[in-house]
$ cat work33.cif   # mmCIF, C-alpha atoms and all ligand atoms
data_start
#
loop_
_atom_site.label_atom_id
_atom_site.label_comp_id
_atom_site.auth_asym_id
_atom_site.auth_seq_id
_atom_site.Cartn_x
_atom_site.Cartn_y
_atom_site.Cartn_z
CA MET A 132 90.32 86.16 53.63
CA ALA A 133 89.97 84.64 57.11
CA VAL A 134 92.30 86.05 59.78
CA MET A 135 94.05 82.71 60.42
CA GLU A 136 94.66 81.97 56.74
CA GLN A 137 96.09 85.45 56.22
CA THR A 138 98.32 85.09 59.29
CA LEU A 139 99.80 81.88 57.91
CA ILE A 140 100.61 83.66 54.66
CA ASN A 141 102.20 86.55 56.58
CA ARG A 142 104.39 84.20 58.57
CA LYS A 143 105.75 82.42 55.51
CA SER A 144 107.37 85.64 54.36
CA ASP A 145 108.99 86.23 57.78
CA GLN A 146 112.29 84.46 57.54
CA GLN A 147 113.47 85.35 61.04
CA ILE A 148 111.34 82.78 62.87
CA ASN A 149 113.09 79.53 63.72
CA PRO A 150 111.85 78.57 67.18
CA ALA A 151 112.72 74.89 66.79
CA ALA A 152 116.47 75.64 66.63
CA VAL A 153 116.40 77.69 69.82
CA LEU A 154 114.19 75.19 71.61
CA SER A 155 116.51 72.29 70.94
CA ALA A 156 119.59 74.38 71.82
CA SER A 157 118.20 75.48 75.17
CA LYS A 158 116.17 72.36 76.05
CA LEU A 159 113.02 74.38 76.52
CA GLU A 160 110.16 71.96 76.13
CA TYR A 161 106.44 72.08 75.61
CA THR A 162 105.51 69.96 78.64
CA PRO A 163 101.92 69.51 79.91
CA GLU A 164 102.82 71.95 82.73
CA VAL A 165 103.99 74.60 80.27
CA ALA A 166 100.89 74.02 78.13
CA LYS A 167 98.63 74.53 81.16
CA GLU A 168 100.44 77.60 82.46
CA MET A 169 100.51 79.27 79.03
CA ALA A 170 96.91 78.37 78.08
CA PRO A 171 95.44 81.78 79.10
CA LEU A 172 97.96 83.52 76.83
CA TYR A 173 97.10 81.27 73.91
CA GLU A 174 93.44 81.98 74.51
CA ARG A 175 94.29 85.66 73.94
CA VAL A 176 96.12 85.20 70.62
CA LYS A 177 94.48 82.09 69.20
CA SER A 178 92.72 84.00 66.41
CA VAL A 179 96.06 85.15 64.97
CA VAL A 180 98.60 82.49 66.05
CA PRO A 181 98.09 79.12 64.34
CA PRO A 182 97.83 76.17 66.80
CA VAL A 183 100.70 74.39 65.06
CA GLU A 184 103.09 77.22 66.04
CA TRP A 185 102.08 77.52 69.70
CA PRO A 186 104.01 74.48 71.08
CA GLN A 187 107.23 76.11 69.84
CA MET A 188 106.33 79.56 71.14
CA ALA A 189 104.89 78.67 74.56
CA PRO A 190 108.15 77.46 76.24
CA LEU A 191 109.97 80.58 74.99
CA ILE A 192 107.19 82.84 76.25
CA LYS A 193 107.29 81.18 79.67
CA ALA A 194 111.11 81.37 79.79
CA ILE A 195 111.07 85.07 78.80
CA ASN A 196 108.44 85.95 81.39
CA ASP A 197 110.42 84.07 84.08
CA LEU A 198 113.67 85.76 83.03
CA LYS A 199 112.04 89.19 83.17
CA LYS A 200 111.33 88.64 86.87
CA GLN A 201 114.85 87.34 87.57
CA ARG A 202 116.47 90.26 85.76
CA ASN A 203 114.02 92.88 87.07
CA ALA A 204 113.36 93.81 83.44
CA VAL A 205 110.41 95.27 81.57
CA ILE A 206 109.64 94.89 77.88
CA LEU A 207 108.51 97.95 75.91
CA ALA A 208 107.06 96.85 72.58
CA HIS A 209 106.08 98.83 69.51
CA ASN A 210 102.68 98.26 67.87
CA TYR A 211 104.43 96.51 64.92
CA MET A 212 105.66 93.58 66.97
CA THR A 213 104.21 90.16 66.13
CA PRO A 214 101.21 89.13 68.28
CA GLU A 215 103.15 86.65 70.44
CA ILE A 216 105.54 89.46 71.41
CA PHE A 217 102.90 92.18 71.62
CA HIS A 218 100.33 90.19 73.63
CA CYS A 219 102.35 87.52 75.49
CA ILE A 220 105.62 89.01 76.79
CA SER A 221 105.26 92.83 76.71
CA ASP A 222 104.72 95.03 79.75
CA TYR A 223 103.96 98.21 77.79
CA VAL A 224 102.93 98.57 74.15
CA GLY A 225 102.36 101.66 72.06
CA ASP A 226 103.49 104.07 69.37
CA SER A 227 106.80 105.93 69.50
CA LEU A 228 105.51 108.72 71.75
CA GLN A 229 103.74 106.37 74.17
CA LEU A 230 106.88 104.21 74.44
CA ALA A 231 109.14 107.22 75.05
CA VAL A 232 106.85 108.41 77.85
CA GLU A 233 106.66 104.90 79.36
CA ALA A 234 110.45 104.56 79.19
CA SER A 235 110.85 107.73 81.27
CA LYS A 236 108.71 106.15 84.04
CA VAL A 237 110.35 102.71 84.21
CA ASP A 238 111.47 101.77 87.70
CA ALA A 239 112.92 98.32 86.89
CA ASP A 240 116.68 97.85 86.34
CA VAL A 241 116.46 96.77 82.72
CA ILE A 242 114.43 97.92 79.68
CA LEU A 243 114.29 95.44 76.81
CA GLN A 244 113.08 97.29 73.73
CA CYS A 245 111.07 95.27 71.27
CA GLY A 246 111.21 97.64 68.34
CA VAL A 247 113.90 99.22 66.20
CA HIS A 248 117.20 100.76 67.27
CA PHE A 249 116.11 104.42 67.40
CA MET A 250 113.34 103.39 69.82
CA ALA A 251 115.87 101.72 72.12
CA GLU A 252 118.05 104.83 71.94
CA THR A 253 115.05 106.98 72.85
CA SER A 254 114.40 104.81 75.91
CA LYS A 255 118.04 105.22 76.95
CA LEU A 256 117.76 109.00 76.50
CA MET A 257 114.61 109.11 78.59
CA ASN A 258 115.95 106.91 81.40
CA PRO A 259 119.77 107.00 81.26
CA SER A 260 120.43 105.12 84.51
CA LYS A 261 118.72 101.94 83.20
CA LYS A 262 120.36 99.18 81.22
CA VAL A 263 118.61 99.26 77.84
CA LEU A 264 118.82 96.14 75.67
CA ILE A 265 117.78 95.39 72.11
CA SER A 266 117.77 91.82 70.87
CA ASP A 267 119.06 92.65 67.38
CA VAL A 268 121.17 95.77 66.89
CA LYS A 269 120.65 95.53 63.15
CA ALA A 270 116.97 96.44 63.58
CA GLY A 271 117.31 99.80 61.80
CA CYS A 272 114.95 102.10 59.91
CA SER A 273 115.17 103.53 56.37
CA LEU A 274 114.20 106.97 57.69
CA ALA A 275 116.85 106.97 60.43
CA GLU A 276 119.45 105.90 57.86
CA SER A 277 118.52 108.69 55.44
CA ILE A 278 120.13 111.53 57.43
CA THR A 279 123.25 112.24 59.47
CA ALA A 280 124.23 114.86 62.03
CA ALA A 281 126.44 116.51 59.37
CA ASP A 282 123.39 116.82 57.08
CA VAL A 283 121.53 118.69 59.83
CA ARG A 284 124.48 121.03 60.40
CA ALA A 285 124.50 121.77 56.66
CA LEU A 286 120.76 122.57 56.77
CA ARG A 287 121.39 125.00 59.64
CA GLU A 288 123.95 126.81 57.56
CA ALA A 289 121.70 126.88 54.50
CA TYR A 290 118.65 128.16 56.46
CA PRO A 291 119.99 130.34 59.31
CA GLY A 292 117.46 130.91 62.09
CA VAL A 293 114.89 128.40 60.77
CA PRO A 294 113.91 125.87 63.48
CA ILE A 295 114.64 122.21 62.74
CA VAL A 296 112.19 119.54 63.89
CA THR A 297 113.38 115.94 63.76
CA TYR A 298 111.04 113.00 63.52
CA VAL A 299 111.79 110.52 66.32
CA ASN A 300 112.86 108.03 63.62
CA THR A 301 116.46 109.29 63.70
CA SER A 302 119.70 108.48 65.51
CA ALA A 303 120.59 110.24 68.77
CA ASP A 304 123.34 112.08 66.82
CA VAL A 305 120.70 113.68 64.59
CA LYS A 306 118.38 114.45 67.51
CA ALA A 307 121.29 116.24 69.23
CA GLU A 308 121.61 118.68 66.29
CA CYS A 309 117.89 119.55 66.07
CA ASP A 310 115.75 122.00 68.06
CA ILE A 311 113.04 119.55 69.01
CA CYS A 312 111.80 116.06 68.26
CA CYS A 313 108.31 115.03 67.10
CA THR A 314 106.47 111.79 66.45
CA SER A 315 103.66 111.05 64.04
CA SER A 316 101.17 111.72 66.84
CA ASN A 317 102.28 115.28 67.62
CA ALA A 318 104.12 116.58 64.52
CA VAL A 319 101.49 119.24 63.70
CA GLN A 320 101.41 120.51 67.29
CA ILE A 321 105.21 120.68 67.47
CA VAL A 322 105.51 122.58 64.17
CA ASN A 323 102.81 125.04 65.28
CA SER A 324 104.63 125.62 68.58
CA PHE A 325 107.23 127.78 66.74
CA GLU A 326 106.67 131.47 66.04
CA SER A 327 108.69 131.27 62.85
CA ASP A 328 106.59 131.01 59.67
CA LYS A 329 109.11 128.53 58.19
CA VAL A 330 110.06 125.20 59.78
CA ILE A 331 112.47 122.49 58.58
CA MET A 332 111.29 118.91 59.10
CA VAL A 333 113.67 115.95 58.83
CA PRO A 334 113.89 113.24 57.62
CA ASP A 335 110.44 112.09 56.41
CA GLU A 336 109.32 113.93 53.29
CA TYR A 337 105.82 112.45 53.40
CA LEU A 338 105.22 113.24 57.07
CA ALA A 339 106.39 116.80 56.29
CA LYS A 340 103.98 117.02 53.35
CA TYR A 341 101.15 115.75 55.54
CA VAL A 342 101.96 118.36 58.23
CA ALA A 343 102.04 121.06 55.52
CA THR A 344 98.37 120.27 54.77
CA GLN A 345 97.49 120.86 58.45
CA THR A 346 99.39 124.10 59.17
CA ASP A 347 99.92 127.61 57.74
CA LYS A 348 103.69 127.32 58.15
CA GLU A 349 105.99 126.81 55.20
CA ILE A 350 107.65 123.40 55.63
CA ILE A 351 111.08 122.65 54.24
CA ALA A 352 111.40 118.87 53.98
CA TRP A 353 114.27 116.38 53.82
CA LYS A 354 113.76 113.60 51.28
CA GLY A 355 113.82 110.49 53.46
CA HIS A 356 111.13 107.83 53.10
CA CYS A 357 109.87 104.84 55.02
CA GLU A 358 110.54 101.81 52.86
CA VAL A 359 107.36 100.13 54.14
CA HIS A 360 104.84 102.96 53.75
CA GLU A 361 106.19 104.38 50.49
CA ARG A 362 105.11 101.18 48.71
CA PHE A 363 101.37 101.80 49.18
CA THR A 364 99.53 103.46 46.29
CA ALA A 365 96.18 105.25 45.96
CA LYS A 366 95.30 102.85 43.11
CA GLU A 367 95.71 99.89 45.47
CA LEU A 368 93.53 101.57 48.11
CA ASN A 369 90.81 102.39 45.59
CA GLU A 370 90.79 98.80 44.32
CA TYR A 371 90.33 97.50 47.87
CA ARG A 372 87.54 100.04 48.40
CA GLU A 373 85.71 98.96 45.25
CA ALA A 374 86.03 95.28 46.17
CA ASN A 375 84.84 95.86 49.76
CA PRO A 376 81.72 98.04 50.07
CA GLY A 377 81.66 99.95 53.36
CA LEU A 378 85.41 99.56 53.88
CA LYS A 379 87.06 102.21 56.11
CA ILE A 380 90.68 102.95 55.23
CA ILE A 381 93.06 104.43 57.79
CA ALA A 382 96.64 105.37 56.95
CA HIS A 383 99.90 106.27 58.68
CA PRO A 384 101.31 109.73 57.85
CA GLU A 385 104.52 108.12 56.52
CA CYS A 386 102.47 107.13 53.43
CA PRO A 387 102.73 109.14 50.19
CA PRO A 388 100.31 112.12 49.94
CA GLU A 389 98.07 110.39 47.34
CA VAL A 390 97.55 107.50 49.79
CA ILE A 391 96.67 109.84 52.66
CA GLU A 392 94.22 111.63 50.38
CA ALA A 393 92.56 108.33 49.48
CA ALA A 394 92.21 107.32 53.16
CA ASP A 395 89.35 108.12 55.57
CA TYR A 396 91.65 108.88 58.52
CA THR A 397 95.36 109.50 59.13
CA GLY A 398 97.21 109.07 62.42
CA SER A 399 100.09 107.53 64.33
CA THR A 400 99.98 103.77 64.98
CA GLY A 401 98.52 104.51 68.43
CA ALA A 402 95.90 106.85 66.95
CA MET A 403 95.00 104.26 64.29
CA ILE A 404 94.42 101.64 66.99
CA SER A 405 92.25 104.04 69.02
CA TRP A 406 90.30 104.90 65.86
CA VAL A 407 89.39 101.23 65.27
CA LYS A 408 88.54 100.65 68.95
CA ASN A 409 86.36 103.76 69.12
CA ASN A 410 84.63 103.50 65.73
CA ARG A 411 84.31 99.69 65.46
CA PRO A 412 83.91 99.70 61.66
CA SER A 413 82.58 96.45 60.21
CA LYS A 414 85.52 96.35 57.76
CA VAL A 415 88.76 98.26 58.05
CA MET A 416 92.09 98.44 56.25
CA MET A 417 95.09 99.71 58.23
CA VAL A 418 97.54 101.08 55.70
CA THR A 419 100.68 100.36 57.67
CA GLU A 420 102.86 97.45 58.82
CA CYS A 421 101.19 93.99 58.82
CA SER A 422 101.37 93.05 62.47
CA MET A 423 99.21 96.01 63.51
CA SER A 424 96.10 94.35 62.10
CA ASP A 425 96.85 91.07 63.93
CA ASN A 426 97.40 92.90 67.21
CA VAL A 427 94.25 95.00 67.00
CA ALA A 428 92.12 92.11 65.67
CA VAL A 429 92.75 90.27 68.94
CA GLU A 430 91.10 93.12 70.84
CA THR A 431 88.30 94.00 68.42
CA PRO A 432 86.23 90.90 67.64
CA GLY A 433 83.58 91.64 65.03
CA VAL A 434 85.82 93.97 63.03
CA GLU A 435 87.01 92.43 59.76
CA PHE A 436 90.54 93.43 58.74
CA ILE A 437 91.44 93.75 55.05
CA ARG A 438 95.23 93.51 54.86
CA PRO A 439 97.34 95.06 52.12
CA CYS A 440 100.24 93.92 54.30
CA ASN A 441 103.73 95.37 53.96
CA PHE A 442 106.35 94.00 56.36
CA CYS A 443 108.97 96.15 58.06
CA PRO A 444 112.06 93.93 57.75
CA HIS A 445 113.71 95.81 60.62
CA MET A 446 110.86 95.36 63.09
CA LYS A 447 110.67 91.68 62.10
CA ARG A 448 114.26 91.11 63.26
CA ILE A 449 112.84 91.03 66.78
CA THR A 450 111.73 87.48 67.58
CA LEU A 451 110.88 85.41 70.66
CA GLU A 452 114.16 83.53 70.18
CA ASN A 453 116.43 86.57 70.21
CA VAL A 454 114.43 88.25 73.01
CA TYR A 455 115.03 85.11 75.10
CA GLU A 456 118.74 85.16 74.28
CA ALA A 457 118.95 88.91 75.03
CA LEU A 458 117.56 88.41 78.54
CA LEU A 459 119.63 85.30 79.13
CA GLU A 460 122.91 86.94 78.11
CA MET A 461 121.92 90.56 78.91
CA LYS A 462 122.83 91.83 75.43
CA GLU A 463 123.01 93.99 73.30
CA GLU A 464 123.28 97.00 75.52
CA VAL A 465 122.39 100.35 73.92
CA THR A 466 124.76 103.17 74.87
CA ILE A 467 124.97 106.81 73.75
CA ALA A 468 128.10 108.97 73.96
CA PRO A 469 127.63 111.47 76.83
CA GLU A 470 128.42 114.51 74.64
CA ILE A 471 125.52 113.51 72.34
CA ALA A 472 123.12 112.15 74.97
CA GLU A 473 122.34 115.36 76.86
CA ARG A 474 121.49 117.38 73.72
CA ALA A 475 119.50 114.51 72.19
CA ARG A 476 117.60 113.96 75.44
CA LEU A 477 116.68 117.64 75.53
CA SER A 478 115.21 117.41 72.04
CA VAL A 479 112.93 114.50 73.11
CA GLN A 480 112.14 116.00 76.51
CA LYS A 481 111.06 119.33 74.95
CA MET A 482 108.63 117.39 72.77
CA ILE A 483 107.18 115.48 75.73
CA ASP A 484 106.85 118.67 77.76
CA ALA A 485 105.12 120.43 74.86
CA THR A 486 102.58 117.72 74.08
CA THR A 487 101.77 115.45 77.03
P1 LIG B 1 104.43 105.54 65.33
O1 LIG B 1 105.09 106.51 66.22
O2 LIG B 1 103.16 106.03 64.70
O3 LIG B 1 104.22 104.24 66.06
O4 LIG B 1 105.38 105.25 64.08
C1 LIG B 1 106.61 104.63 64.19
C2 LIG B 1 107.03 104.00 62.94
O5 LIG B 1 108.16 103.63 62.77
C3 LIG B 1 106.02 103.85 61.90
O6 LIG B 1 106.60 103.30 60.78
FE1 LIG B 2 111.31 102.69 59.86
FE2 LIG B 2 109.31 102.34 58.17
FE3 LIG B 2 110.14 100.28 59.62
FE4 LIG B 2 108.80 102.33 60.79
S1 LIG B 2 108.03 100.88 59.28
S2 LIG B 2 110.67 101.35 61.55
S3 LIG B 2 109.57 104.06 59.57
S4 LIG B 2 111.33 101.38 58.05
#
$ encode --input "work33.cif" --output "structure tokens"
Amino acid sequence: MAVMEQTLINRKSDQQINPAAVLSASKLEYTPEVAKEMAPLYERVKSVVPPVEWPQMAPLIKAINDLKKQRNAVILAHNYMTPEIFHCISDYVGDSLQLAVEASKVDADVILQCGVHFMAETSKLMNPSKKVLISDVKAGCSLAESITAADVRALREAYPGVPIVTYVNTSADVKAECDICCTSSNAVQIVNSFESDKVIMVPDEYLAKYVATQTDKEIIAWKGHCEVHERFTAKELNEYREANPGLKIIAHPECPPEVIEAADYTGSTGAMISWVKNNRPSKVMMVTECSMSDNVAVETPGVEFIRPCNFCPHMKRITLENVYEALLEMKEEVTIAPEIAERARLSVQKMIDATT
């Protein structure tokens, strides 16, 4: 299916987008001046943003970029953001590890996180003196919601002396109870950094199972799942492979083990992007959230993307409209209780020190 046609289908299932309402409320207009000023940005995303949508997006993009300067703010955006956010308003983009490292280096007064809540919390942990905003506090994560600090304390009691590694997809409360954090790009390295031959990994069962295939350590796993990646199946992948000779399939480690086994490569969202850029396959399927393919397609002409397409409903809460409102009204500010923050920060900092 052509990229544009597929993008239109993707957008229909995204119920968060209502630019017309915000435009009329704020009197932002698509004037000839706005059209001219925003033309280079449209040139960048025209293969994945339909022309009919651009007149509603362009005034918001201009207003957001102007507001960023007025507020001395930077936007950190995850790879799952929609292309107009990823390519037109973001200052830094990346996977969870790349964003955490970028957050620690931000000099501006304000960080606006375009991603889910645990990512905004991680930015706050990494750069506590900055005002960190998220445009929808309800942007959660099924993994982060699957475990509490009390659960981690219970694990400690059940397995005395066994180190506990938390995936970054957790609340600050959970990070504060664990020995160290990891992301999908460094989980194996972090697990191997312990001398113990047993390691507990929370909360992603499938990431833990993937790590177990790459290490000699015994891994004790929590049973949390990503609601987006758990829906992929090996059967689905094999059907796409049969229908598309020469197809390369790359998968995120949050996928079930049978999916990872059926894929040609497994890595974090950042590693998946690098893999496509470096290998330039003629046809590729990224087994992860939909917007990734749109965002990479913009930068890799000549690569055809086959899209099994599962949306993360939490990531899709972040829209141009609410980003504009967040910068206008300087809300919602992300705060972390001081007694939690220092221990949680240490867990993320230890990971960064060990792997970057
Ligand atoms: P990455 O760190 O690979 O970007 O993963 C974050 C995430 O939430 C994937 O679902
Ligand atoms: Fe969480 Fe899955 Fe969404 Fe990533 S894709 S934020 S792991 S629910």
$ residues_near_ligand --input "work33.cif" --ligand "ligand LIG 2 (chain B)" --cutoff "7 Å" --atoms "all atoms listed in the file" --output "PyMOL selection string"
chain A and resi 247+271-274+300+357-360+420+443-446
$ write_last_selection --input "work33.cif" --atoms "C-alpha atoms" --output "PDB file, in the frame of the given file"
ATOM      1  CA  VAL A 247     113.900  99.220  66.200  1.00  0.00           C
ATOM      2  CA  GLY A 271     117.310  99.800  61.800  1.00  0.00           C
ATOM      3  CA  CYS A 272     114.950 102.100  59.910  1.00  0.00           C
ATOM      4  CA  SER A 273     115.170 103.530  56.370  1.00  0.00           C
ATOM      5  CA  LEU A 274     114.200 106.970  57.690  1.00  0.00           C
ATOM      6  CA  ASN A 300     112.860 108.030  63.620  1.00  0.00           C
ATOM      7  CA  CYS A 357     109.870 104.840  55.020  1.00  0.00           C
ATOM      8  CA  GLU A 358     110.540 101.810  52.860  1.00  0.00           C
ATOM      9  CA  VAL A 359     107.360 100.130  54.140  1.00  0.00           C
ATOM     10  CA  HIS A 360     104.840 102.960  53.750  1.00  0.00           C
ATOM     11  CA  GLU A 420     102.860  97.450  58.820  1.00  0.00           C
ATOM     12  CA  CYS A 443     108.970  96.150  58.060  1.00  0.00           C
ATOM     13  CA  PRO A 444     112.060  93.930  57.750  1.00  0.00           C
ATOM     14  CA  HIS A 445     113.710  95.810  60.620  1.00  0.00           C
ATOM     15  CA  MET A 446     110.860  95.360  63.090  1.00  0.00           C
TER      16      MET A 446
END
$ residues_near_point --input "work33.cif" --point "(106.4, 80.2, 76.7)" --cutoff "9 Å" --atoms "only C-alpha atoms" --output "short mmCIF file (atom, residue, chain, number, x, y, z; two decimals) with C-alpha atoms, keeping the file's coordinate frame"
data_model
loop_
_atom_site.label_atom_id
_atom_site.label_comp_id
_atom_site.auth_asym_id
_atom_site.auth_seq_id
_atom_site.Cartn_x
_atom_site.Cartn_y
_atom_site.Cartn_z
CA LEU A 159 113.02 74.38 76.52
CA TYR A 161 106.44 72.08 75.61
CA VAL A 165 103.99 74.60 80.27
CA ALA A 166 100.89 74.02 78.13
CA GLU A 168 100.44 77.60 82.46
CA MET A 169 100.51 79.27 79.03
CA TRP A 185 102.08 77.52 69.70
CA PRO A 186 104.01 74.48 71.08
CA GLN A 187 107.23 76.11 69.84
CA MET A 188 106.33 79.56 71.14
CA ALA A 189 104.89 78.67 74.56
CA PRO A 190 108.15 77.46 76.24
CA LEU A 191 109.97 80.58 74.99
CA ILE A 192 107.19 82.84 76.25
CA LYS A 193 107.29 81.18 79.67
CA ALA A 194 111.11 81.37 79.79
CA ILE A 195 111.07 85.07 78.80
CA ASN A 196 108.44 85.95 81.39
CA CYS A 219 102.35 87.52 75.49
CA ILE A 220 105.62 89.01 76.79
#
$ residues_around --input "work33.cif" --residues "A:Phe325" --least-positions-apart "6" --cutoff "10 Å" --atoms "all atoms listed in the file" --output "count of residues only"
3
$ closest_residue --input "work33.cif" --among "A:Asn409, A:Ser302, A:Ser221, A:Gln320" --to "A:Thr487" --atoms "all atoms listed in the file"
A:Gln320
$ residues_near_ligand --input "work33.cif" --ligand "ligand LIG 1 (chain B)" --cutoff "6 Å" --atoms "only C-alpha atoms and all ligand atoms" --output "CSV table (one decimal) with C-alpha atoms, keeping the file's coordinate frame"
chain,number,residue,atom,x,y,z
A,226,ASP,CA,103.5,104.1,69.4
A,227,SER,CA,106.8,105.9,69.5
A,228,LEU,CA,105.5,108.7,71.8
A,314,THR,CA,106.5,111.8,66.4
A,315,SER,CA,103.7,111.0,64.0
A,399,SER,CA,100.1,107.5,64.3
A,400,THR,CA,100.0,103.8,65.0
$ atom_distance --input "work33.cif" --atom1 "atom CA of A:Ile380" --atom2 "atom CA of A:Met416"
4.8 Å
$ closest_residue --input "work33.cif" --among "A:Thr297, A:Asn410, A:Ser324, A:Ser178" --to "A:Asp310" --atoms "only C-alpha atoms"
A:Thr297
$ closest_residue --input "work33.cif" --among "A:Val237, A:Thr364, A:Lys158, A:Pro376" --to "A:Ala394" --atoms "only C-alpha atoms"
A:Thr364
$ atom_distance --input "work33.cif" --atom1 "atom CA of A:Val418" --atom2 "atom CA of A:Met250"
21.3 Å
$ closest_residue --input "work33.cif" --among "A:Gln201, A:Ser405, A:Gln244, A:Ser316" --to "A:Thr486" --atoms "all atoms listed in the file"
A:Ser316
$ residues_around --input "work33.cif" --residues "A:Val322" --least-positions-apart "3" --cutoff "9 Å" --atoms "only C-alpha atoms" --output "MDAnalysis selection string"
chainID A and resid 296 313 317:319 325 330:332 342 346 348 350
$ closest_residue --input "work33.cif" --among "A:Phe436, A:Tyr371, A:Trp353, A:Tyr396" --to "A:Val283" --atoms "only C-alpha atoms"
A:Trp353
$ atom_distance --input "work33.cif" --atom1 "atom CA of A:Asn210" --atom2 "atom CA of A:Leu230"
9.8 Å
$ closest_residue --input "work33.cif" --among "A:Thr279, A:Thr397, A:Asn441, A:Thr253" --to "A:Ala382" --atoms "all atoms listed in the file"
A:Thr397
$ residues_around --input "work33.cif" --residues "A:Arg175" --least-positions-apart "3" --cutoff "8 Å" --atoms "all atoms listed in the file" --output "PyMOL selection string"
chain A and resi 171-172+178+218+429
$ write_last_selection --input "work33.cif" --atoms "C-alpha atoms" --output "tab-separated table (two decimals), in the frame of the given file"
chain	number	residue	atom	x	y	z
A	171	PRO	CA	95.44	81.78	79.10
A	172	LEU	CA	97.96	83.52	76.83
A	178	SER	CA	92.72	84.00	66.41
A	218	HIS	CA	100.33	90.19	73.63
A	429	VAL	CA	92.75	90.27	68.94
$ residues_around --input "work33.cif" --residues "A:Leu338" --least-positions-apart "5" --cutoff "9 Å" --atoms "only C-alpha atoms" --output "CSV table (one decimal) with C-alpha atoms, keeping the file's coordinate frame"
chain,number,residue,atom,x,y,z
A,298,TYR,CA,111.0,113.0,63.5
A,315,SER,CA,103.7,111.0,64.0
A,318,ALA,CA,104.1,116.6,64.5
A,332,MET,CA,111.3,118.9,59.1
A,343,ALA,CA,102.0,121.1,55.5
A,352,ALA,CA,111.4,118.9,54.0
A,356,HIS,CA,111.1,107.8,53.1
A,383,HIS,CA,99.9,106.3,58.7
A,384,PRO,CA,101.3,109.7,57.8
A,385,GLU,CA,104.5,108.1,56.5
A,386,CYS,CA,102.5,107.1,53.4
A,387,PRO,CA,102.7,109.1,50.2
A,388,PRO,CA,100.3,112.1,49.9
$ axis_aligned_box --input "work33.cif" --around "stretch 437-442 of chain A" --padding-each-side "4 Å" --output "AutoDock Vina command-line options"
--center_x 98.9 --center_y 94.4 --center_z 54.2 --size_x 22.9 --size_y 9.9 --size_z 12.2
$ residues_near_point --input "work33.cif" --point "(114.2, 109.9, 78.2)" --cutoff "9 Å" --atoms "all atoms listed in the file" --output "JSON, numbers by chain"
{"A": [231, 232, 234, 235, 236, 252, 253, 254, 255, 256, 257, 258, 259, 476, 477, 479, 480]}
$ build_atoms --input "work33.cif" --residues "stretch 189-198 of chain A" --atoms "N, CA, C and O atoms" --output "compact mmCIF listing (two decimals), in the frame of the given file"
# COMPACT_ATOMS: atom_id res chain seq x y z
N ALA A 189 105.27 78.64 73.13
CA ALA A 189 104.89 78.67 74.56
C ALA A 189 106.08 78.53 75.52
O ALA A 189 106.18 79.32 76.47
N PRO A 190 107.01 77.56 75.29
CA PRO A 190 108.15 77.46 76.24
C PRO A 190 109.02 78.72 76.24
O PRO A 190 109.53 79.11 77.28
N LEU A 191 109.17 79.34 75.06
CA LEU A 191 109.97 80.58 74.99
C LEU A 191 109.26 81.71 75.74
O LEU A 191 109.90 82.48 76.45
N ILE A 192 107.95 81.78 75.57
CA ILE A 192 107.19 82.84 76.25
C ILE A 192 107.30 82.67 77.76
O ILE A 192 107.56 83.62 78.50
N LYS A 193 107.16 81.42 78.22
CA LYS A 193 107.29 81.18 79.67
C LYS A 193 108.70 81.55 80.14
O LYS A 193 108.87 82.23 81.15
N ALA A 194 109.72 81.10 79.39
CA ALA A 194 111.11 81.37 79.79
C ALA A 194 111.38 82.88 79.82
O ALA A 194 112.04 83.39 80.74
N ILE A 195 110.86 83.61 78.84
CA ILE A 195 111.07 85.07 78.80
C ILE A 195 110.39 85.73 80.00
O ILE A 195 110.98 86.58 80.69
N ASN A 196 109.16 85.32 80.27
CA ASN A 196 108.44 85.95 81.39
C ASN A 196 109.10 85.63 82.73
O ASN A 196 109.15 86.48 83.63
N ASP A 197 109.67 84.41 82.86
CA ASP A 197 110.42 84.07 84.08
C ASP A 197 111.70 84.89 84.18
O ASP A 197 112.04 85.43 85.24
N LEU A 198 112.41 85.00 83.04
CA LEU A 198 113.67 85.76 83.03
C LEU A 198 113.45 87.24 83.35
O LEU A 198 114.28 87.87 84.00
